[in-house]
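Notes follow the structure.
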Number of protein chains: 2
Amino acid sequence: MQRIYLDNNSTTALDPRVFKAMLADFQGIPLNPSSVHWFGQQAKNYLSKARETVAAFFHVKPEEVLFTSSGTEGINTFLRGLGNKGHLITTTIEHSAVYKTAQYLEESGMEVTYLPVGSWGAPLPEHIRAAIRPDTKAIALSASNSETGVKLDLETIATIAKESQIPLLIDAVSWIGKEPFPNHPGITAIALSGHKFHAPKGIGALIVRSSFRLSPLCTGGMQELQRRAGTENLAGILGLAESLKILSQEQTAITQHMSDLRKHLEYGLQRELPDLCIHGEGPRIANTVCFGFPGVDGEALFMQLDMAGIAVSHGSACTSGALEPSRVLIKMGVPTKLVKSSLRFSVGRLNTREEIDQVIEKTALIVKKLSSL
Amino acid sequence: MQRIYLDNNSTTALDPRVFKAMLADFQGIPLNPSSVHWFGQQAKNYLSKARETVAAFFHVKPEEVLFTSSGTEGINTFLRGLGNKGHLITTTIEHSAVYKTAQYLEESGMEVTYLPVGSWGAPLPEHIRAAIRPDTKAIALSASNSETGVKLDLETIATIAKESQIPLLIDAVSWIGKEPFPNHPGITAIALSGHKFHAPKGIGALIVRSSFRLSPLCTGGMQELQRRAGTENLAGILGLAESLKILSQEQTAITQHMSDLRKHLEYGLQRELPDLCIHGEGPRIANTVCFGFPGVDGEALFMQLDMAGIAVSHGSACTSGALEPSRVLIKMGVPTKLVKSSLRFSVGRLNTREEIDQVIEKTALIVKKLSSL
């Protein structure tokens with residue numbers, strides 16, 4: 001069966017060009033960047049060049065790039081380093097890497113303000129401004145919501161953070177690869193995860209201003225300017241850098257392609273299914289749409305689509321292997337019944353218009369069948 | 001120039017068979033084990049099989065295998081989860097992943113006993129028994145020292161831990177791949193790092209009894225039975241499992257080969273250099289020897305060897321890119337002058353007898369030249 005993958009917010013296939021870049025670390029030469037000898041020097045050169053590539057992508061200094069094993073690790077490094085006193089601003093619709101870590105900090109003694117997002121699907125700048133207190137230690141928000149795709153008003157919020165001199169962590173895991181990232185002096189740290197944009201799993205980065213003092217999650221070796229102990233995942237780092245290099249050349253075309261496909265999907269399904277709704281009133285990132293199919297059991301629809309060869313998502317893949325109602329939609333105020341009737345479709349740069357045509361046809365057919373039951 | 005790599009305790013080259021096993025995750029199919037659809041099921045199957053392979057290697061249950069991004073991460077997960085009260089037993093010659101984390105815990109309020117090791121090079125069982133207190137929360141020791149290769153009396157110490165019902169963390173990073181690992185019911189957790197035995201960098205594991213409650217370093221997704229949030233490094237995991245599978249078939253021959261080469265190196269250099277000494281009186285692991293070259297500047301020797309195409313190590317690669325006197329040797333009571341005249345040679349399974357012959361010849365020549373200066 002020809003399978004169509006519309007779950008690109010969950011993970012993406014490795015780009016063959018990225019794979020090629022990783023081979024330098026896989027071809028039989030032992031490369032530890034901490035070693036002083038010839039082999040170590042080769043490794044160090046690879047690492048430095050990769051770091052420069054990533055730094056250039058975000059318009060930061062190389063020493064402001066911290067390689068991590070995942071977006072989650074970058075987020076945890078930033079948030080847990082805040083300590084257990086003071087005040088944190090976030091929302092209830094963050095990815096669990098932020099949400100559960102905020103809860104962990106709350107249990108440890110920090111006060112956390114969870115801003116409302118409502119049906120808009122993102123916190124508003126005025127709510128953020130109003131939530132700031134003298135003891136606010138940081139603001140942690142996702143650039144775009146991984147489930148609905150709704151974008152933050154990043155420019156305004158970064159400006160508020162800058163004016164208030166409050167560190168702003170941007171979870172850009174579900175943004176990078178979909179649209180150009182508008183870095184802003186008000187952003188203190190940016191977390192990203194390679195496998196969301198065709199680099200391998202197991203590598204991420206935290207872009208963090210050198211003025212912000214991180215507290216390492218792991219002590220040991222002096223890697224990453226003593227901000228992360230442990231031998232560097234050099235192949236992953238090479239892959240991450242290559243995938244960002246590709247994005248710096250192709251992002252505009254990729255965004256257009258994703259946006260075209262997503263809109264084609266939305267229009268196509270809306271034409272076929274008049275009851276269809278789309279979650280999140282705010283502007284959305286190029287590739288993501290979360291549909292509500294009123295009166296249809298989302299789990300049944302998910303399964304039928306899967307059997308028809310179409311992979312989408314029901315809630316967040318990261319939260320569980322089980323199908324639980326999406327916290328994001330619930331916190332947005334979507335009625336539980338409709339939450340359970342909702343599925344996320346996230347297109348990728350490898351998807352084609354023909355695939356979307358098929359998805360529209362098959363999805364409409366299955367939804368109509370399930371509705372008539 | 002033909003280069004000879006005798007720094008296998010720092011890192012090793014990827015085994016082509018391991019690389020082949022990793023390709024399943026690199027060949028264009030998006031594989032996130034947390035996804036519920038067909039693609040996710042494929043990923044989950046790969047992950048489960050790899051976990052079973054690793055579990056079988058250590059004779060534990062699959063749920064007792066926690067995949068990490070490094071040995072350091074496994075060690076930090078175990079140690080930081082102990083909290084900041086009570087008492088920890090370790091030594092001053094541990095790898096910095098244990099040593100610096102013990103210091104971190106000490107600063108946080110935990111009491112730490114650093115056992116003496118002396119010229120023997122490993123803590124003695126009677127010292128461990130004597131150090132145990134009613135509030136001792138754990139014992140953390142390396143199975144073999146990464147710099148001298150001196151082995152722990154693992155069986156006796158594990159028995160003491162079992163009798164005393166004290167969790168024992170074994171840092172096996174510099175052991176796995178060199179000799180068969182004798183798991184013991186008294187060992188609570190074992191930390192390992194893939195790249196030390198021809199798996200890639202960026203993947204490790206913590207083997208941990210299900211009776212021991214870990215506190216995750218990162219919160220977020222529910223991966224690894226909620227013990228480690230973050231999408232799994234599936235390629236790395238496949239590589240780690242394959243490399244352990246290879247070891248389960250070939251370890252005996254590998255150990256013999258390493259041991260032969262190391263002894264050949266020792267005898268050869270001792271014959272040529274009567275002043276030569278070997279650090280650590282205790283029994284050593286198959287592949288490691290730390291030589292003292294009295295009267296010779298270790299840094300100069302290191303550089304000359306590197307220029308002659310021979311890669312060895314001066315101190316631990318993990319501690320710094322700089323050449324600092326080895327903490328391990330200093331804590332063993334080796335005079336600072338001799339510490340600065342010492343280099344570690346760690347052979348690997350890919351080294352040949354011809355290489356060792358060359359190393360003996362060139363090293364002896366350079367040492368004699370430097371001695372005569």
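By order in the structure tokens, chains are A, B, ...; within a chain, residues start at 1; ligands start at 1, following the order shown.
Residues surrounding Ser108 (chain A) within 9 Å are Gly83, Asn84, Lys85, Gln103 and Tyr104 of chain A [only C-alpha atoms; sequence separation below 4 positions excluded].
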Chain B contacts on chain A, only C-alpha atoms, 7 Å, as a ChimeraX atom specification: /A:10-14,26,28-32,34-38,69-70,72-73,76,96-98,100-101,201-202,217-222,229-234,306,311,317-321
12 Å contact set for Arg51 (chain A), only C-alpha atoms, chain neighbours under 5 positions out, as a tab-separated table (two decimals) with C-alpha atoms, in the first residue's frame:
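Final output, saved to part23.tsv:
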```
chain	number	residue	atom	x	y	z
A	44	LYS	CA	36.90	19.58	16.73
A	45	ASN	CA	36.98	21.09	13.25
A	46	TYR	CA	33.77	19.32	12.28
A	56	ALA	CA	24.68	31.82	11.38
A	57	PHE	CA	21.16	30.44	10.91
A	58	PHE	CA	19.99	32.18	14.09
A	59	HIS	CA	22.25	35.24	13.75
A	60	VAL	CA	23.95	34.52	17.06
A	61	LYS	CA	27.52	33.87	18.18
A	62	PRO	CA	28.86	30.29	17.96
A	63	GLU	CA	29.21	30.14	21.75
A	64	GLU	CA	25.47	30.84	21.98
A	65	VAL	CA	24.73	27.45	20.41
A	66	LEU	CA	24.34	24.61	22.89
A	67	PHE	CA	23.85	21.21	21.31
A	205	ALA	CA	19.95	22.68	20.22
A	206	LEU	CA	19.32	25.45	22.66
A	207	ILE	CA	20.25	28.82	21.23
A	224	GLU	CA	29.80	22.70	25.38
A	232	GLU	CA	29.09	15.25	21.70
A	234	LEU	CA	28.94	14.59	16.39
A	236	GLY	CA	23.77	14.31	14.94
A	237	ILE	CA	25.35	17.74	15.16
A	238	LEU	CA	26.61	17.49	11.58
A	239	GLY	CA	23.12	16.45	10.54
A	240	LEU	CA	21.45	19.28	12.43
A	241	ALA	CA	23.78	21.85	10.89
A	242	GLU	CA	23.27	20.48	7.39
A	244	LEU	CA	19.58	24.16	8.88
A	245	LYS	CA	21.87	24.97	5.95
```
Shell around Asp275 (chain B) at 8 Å using only C-alpha atoms, local window under 2 positions removed, as an NGL selection string: :B and (270 or 273 or 277 or 293-294)
Per-residue DSSP, region 250-319 of chain A, filtered to alpha helix (DSSP H), as a VMD selection string: chain A and resid 250 to 272 298 to 307
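Omitting region 111-118 of chain B and its sequence neighbours fewer than 5 positions away, and counting only C-alpha atoms, the residues within 8 Å are Lys85, Gly86, His87, Leu88, Ile89, Thr90, Thr91, Thr92, Ile93, Ala102, Gln103, Leu105, Glu106, Pro123, Leu124, His127, Ile128, Ala131, Lys331, Met332 and Gly333 of chain B.
What separates CA of Ile132 (chain B) from CA of Glu155 (chain B) is a distance of 17.3 Å.
Each of B:Arg227, B:Arg17, B:Lys362, B:Arg213 was compared to Ala308 (chain B) using only C-alpha atoms, and B:Lys362 turns out to be the nearest.
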